[in-house]
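Chemist: Take this structure, written in structure tokens, and hold onto it; I'll ask about it next.
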Amino acid sequence: MKYEWHKQFHGTVSDPKFTAAAEIAGSEHSRAFAVWIGAADFASANQDRGSVHSIDLRILAAGVRLGLDEVKRIWAAFIELKLAKAVSAAALRTRRYRQRKAEQARQGQSGQK
């Protein structure tokens, strides 16, 4: 069985930025974190890998089992705190890394250096 996954930084679960977003949104740290993980998962699996541009907050809300209004407030707080761009930026770095590795592997297979 192949496992699909994405990386998280050490300390992500207790990052105070999620507490700040939750306070802005009138929510809780754990709920903001759930929205973040849902968005990161979306960005990682998105055809436009690394982008949250096409995220549907209705689907995200259903996926993390939260009300749409709360998810919208949390997402707005992420934007205010410039965290929404951070999801895309982290996933984009991973995408570029994978592209470089794939290109290196192709060059190695063809005998090019």
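Quick note on naming: the chains in the structure tokens go A, B, ... in the order shown, residues restart at 1 in each chain, and ligands are numbered from 1 in order of appearance.
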Skipping near chain neighbours, those fewer than 3 positions away, what residues fall within 9 Å of Lys72 of chain A using only C-alpha atoms, listed as a PyMOL selection string?
Modeler: chain A and resi 25+57-58+61+67-69+75-77
Chemist: If you keep all heavy atoms, can you produce a file of those selected residues as an mmCIF file, in the first residue's frame?
Modeler:
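Saved as again_9.cif:
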```cif
data_model
loop_
_atom_site.group_PDB
_atom_site.id
_atom_site.type_symbol
_atom_site.label_atom_id
_atom_site.label_comp_id
_atom_site.auth_asym_id
_atom_site.auth_seq_id
_atom_site.Cartn_x
_atom_site.Cartn_y
_atom_site.Cartn_z
ATOM 1 N N ALA A 25 -10.912 34.729 15.371
ATOM 2 C CA ALA A 25 -12.115 34.101 14.807
ATOM 3 C C ALA A 25 -13.168 33.760 15.854
ATOM 4 O O ALA A 25 -14.250 33.294 15.499
ATOM 5 C CB ALA A 25 -11.706 32.834 14.055
ATOM 6 N N LEU A 57 -14.122 26.151 0.897
ATOM 7 C CA LEU A 57 -14.246 26.143 2.353
ATOM 8 C C LEU A 57 -15.428 25.300 2.829
ATOM 9 O O LEU A 57 -15.413 24.796 3.950
ATOM 10 C CB LEU A 57 -14.339 27.564 2.900
ATOM 11 C CG LEU A 57 -13.078 28.423 2.711
ATOM 12 C CD1 LEU A 57 -13.279 29.807 3.315
ATOM 13 C CD2 LEU A 57 -11.845 27.750 3.288
ATOM 14 N N ARG A 58 -16.422 25.095 1.980
ATOM 15 C CA ARG A 58 -17.553 24.224 2.358
ATOM 16 C C ARG A 58 -17.074 22.788 2.525
ATOM 17 O O ARG A 58 -17.440 22.102 3.478
ATOM 18 C CB ARG A 58 -18.662 24.284 1.305
ATOM 19 C CG ARG A 58 -19.300 25.660 1.163
ATOM 20 C CD ARG A 58 -20.182 25.733 -0.041
ATOM 21 N NE ARG A 58 -19.360 25.452 -1.226
ATOM 22 C CZ ARG A 58 -19.837 25.395 -2.461
ATOM 23 N NH1 ARG A 58 -21.108 25.581 -2.707
ATOM 24 N NH2 ARG A 58 -19.030 25.153 -3.478
ATOM 25 N N ALA A 61 -14.759 22.584 5.575
ATOM 26 C CA ALA A 61 -15.559 22.577 6.809
ATOM 27 C C ALA A 61 -16.148 21.195 7.063
ATOM 28 O O ALA A 61 -16.106 20.689 8.189
ATOM 29 C CB ALA A 61 -16.671 23.627 6.725
ATOM 30 N N GLY A 67 -18.535 23.925 11.508
ATOM 31 C CA GLY A 67 -19.497 24.727 10.770
ATOM 32 C C GLY A 67 -18.808 25.644 9.775
ATOM 33 O O GLY A 67 -17.701 26.137 10.012
ATOM 34 N N LEU A 68 -19.473 25.862 8.658
ATOM 35 C CA LEU A 68 -18.905 26.693 7.604
ATOM 36 C C LEU A 68 -18.605 28.110 8.097
ATOM 37 O O LEU A 68 -17.552 28.669 7.774
ATOM 38 C CB LEU A 68 -19.846 26.733 6.392
ATOM 39 C CG LEU A 68 -19.398 27.599 5.217
ATOM 40 C CD1 LEU A 68 -18.025 27.163 4.693
ATOM 41 C CD2 LEU A 68 -20.437 27.556 4.111
ATOM 42 N N ASP A 69 -19.487 28.703 8.866
ATOM 43 C CA ASP A 69 -19.244 30.066 9.359
ATOM 44 C C ASP A 69 -17.968 30.136 10.189
ATOM 45 O O ASP A 69 -17.186 31.080 10.066
ATOM 46 C CB ASP A 69 -20.431 30.571 10.181
ATOM 47 C CG ASP A 69 -21.646 30.879 9.308
ATOM 48 O OD1 ASP A 69 -21.471 31.056 8.085
ATOM 49 O OD2 ASP A 69 -22.758 30.932 9.856
ATOM 50 N N TRP A 75 -10.461 31.089 8.470
ATOM 51 C CA TRP A 75 -9.734 31.339 7.221
ATOM 52 C C TRP A 75 -9.444 32.831 7.073
ATOM 53 O O TRP A 75 -8.336 33.212 6.682
ATOM 54 C CB TRP A 75 -10.542 30.823 6.027
ATOM 55 C CG TRP A 75 -9.716 30.749 4.782
ATOM 56 C CD1 TRP A 75 -9.769 31.592 3.716
ATOM 57 C CD2 TRP A 75 -8.695 29.801 4.487
ATOM 58 N NE1 TRP A 75 -8.849 31.225 2.773
ATOM 59 C CE2 TRP A 75 -8.182 30.122 3.229
ATOM 60 C CE3 TRP A 75 -8.180 28.710 5.178
ATOM 61 C CZ2 TRP A 75 -7.166 29.388 2.628
ATOM 62 C CZ3 TRP A 75 -7.167 27.979 4.584
ATOM 63 C CH2 TRP A 75 -6.666 28.318 3.321
ATOM 64 N N ALA A 76 -10.415 33.668 7.415
ATOM 65 C CA ALA A 76 -10.200 35.114 7.363
ATOM 66 C C ALA A 76 -9.087 35.529 8.329
ATOM 67 O O ALA A 76 -8.271 36.399 8.012
ATOM 68 C CB ALA A 76 -11.501 35.854 7.681
ATOM 69 N N ALA A 77 -9.035 34.887 9.498
ATOM 70 C CA ALA A 77 -7.961 35.173 10.456
ATOM 71 C C ALA A 77 -6.616 34.725 9.900
ATOM 72 O O ALA A 77 -5.606 35.427 10.067
ATOM 73 C CB ALA A 77 -8.245 34.476 11.790
#
```
Chemist: Extract, using only C-alpha atoms, all DNA, RNA and protein residues at most 7 Å from segment 29-31 of chain A, discarding same-chain residues fewer than 6 positions from it, and format them as a list of chain:residue names.
Modeler: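 Contacts, in chain order: A:Phe18, A:Thr19, A:Ala22.
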Chemist: Give me the residues within 8 Å of Ile74 of chain A as a PDB file with N, CA, C and O atoms, in the first residue's frame, counting only C-alpha atoms and dropping any in the same chain fewer than 5 places off.
Modeler:
```pdb
ATOM      1  N   ALA A  21      -5.021  33.108  15.617  1.00  0.00           N
ATOM      2  CA  ALA A  21      -6.084  33.009  14.607  1.00  0.00           C
ATOM      3  C   ALA A  21      -7.404  32.631  15.261  1.00  0.00           C
ATOM      4  O   ALA A  21      -8.455  33.187  14.924  1.00  0.00           O
ATOM      5  N   ALA A  22      -7.352  31.703  16.195  1.00  0.00           N
ATOM      6  CA  ALA A  22      -8.570  31.274  16.887  1.00  0.00           C
ATOM      7  C   ALA A  22      -9.186  32.424  17.674  1.00  0.00           C
ATOM      8  O   ALA A  22     -10.411  32.607  17.661  1.00  0.00           O
ATOM      9  N   ILE A  24      -8.909  35.642  17.060  1.00  0.00           N
ATOM     10  CA  ILE A  24      -9.496  36.571  16.085  1.00  0.00           C
ATOM     11  C   ILE A  24     -10.840  36.043  15.603  1.00  0.00           C
ATOM     12  O   ILE A  24     -11.804  36.798  15.455  1.00  0.00           O
ATOM     13  N   ALA A  25     -10.912  34.729  15.371  1.00  0.00           N
ATOM     14  CA  ALA A  25     -12.115  34.101  14.807  1.00  0.00           C
ATOM     15  C   ALA A  25     -13.168  33.760  15.854  1.00  0.00           C
ATOM     16  O   ALA A  25     -14.250  33.294  15.499  1.00  0.00           O
ATOM     17  N   SER A  27     -12.797  31.352  18.088  1.00  0.00           N
ATOM     18  CA  SER A  27     -12.794  29.894  18.052  1.00  0.00           C
ATOM     19  C   SER A  27     -11.781  29.371  19.063  1.00  0.00           C
ATOM     20  O   SER A  27     -11.468  30.058  20.036  1.00  0.00           O
ATOM     21  N   ALA A  32      -8.666  25.850  14.883  1.00  0.00           N
ATOM     22  CA  ALA A  32      -7.853  26.548  13.889  1.00  0.00           C
ATOM     23  C   ALA A  32      -6.789  25.606  13.339  1.00  0.00           C
ATOM     24  O   ALA A  32      -6.516  25.593  12.135  1.00  0.00           O
ATOM     25  N   VAL A  35      -8.308  23.307  10.761  1.00  0.00           N
ATOM     26  CA  VAL A  35      -8.501  23.980   9.477  1.00  0.00           C
ATOM     27  C   VAL A  35      -7.160  24.080   8.751  1.00  0.00           C
ATOM     28  O   VAL A  35      -7.071  23.845   7.539  1.00  0.00           O
TER      29      VAL A  35
END
```
Chemist: Can you work out the spacing between atom CA of Ser14 of chain A and atom CA of Phe33 of chain A in Å, to one decimal?
Modeler: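 Value for the atom CA of Ser14 of chain A-atom CA of Phe33 of chain A distance: 8.8 Å.
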Chemist: Interatomic distance between atom CA of Leu83 of chain A and atom CA of Lys17 of chain A?
Modeler: 8.3 Å
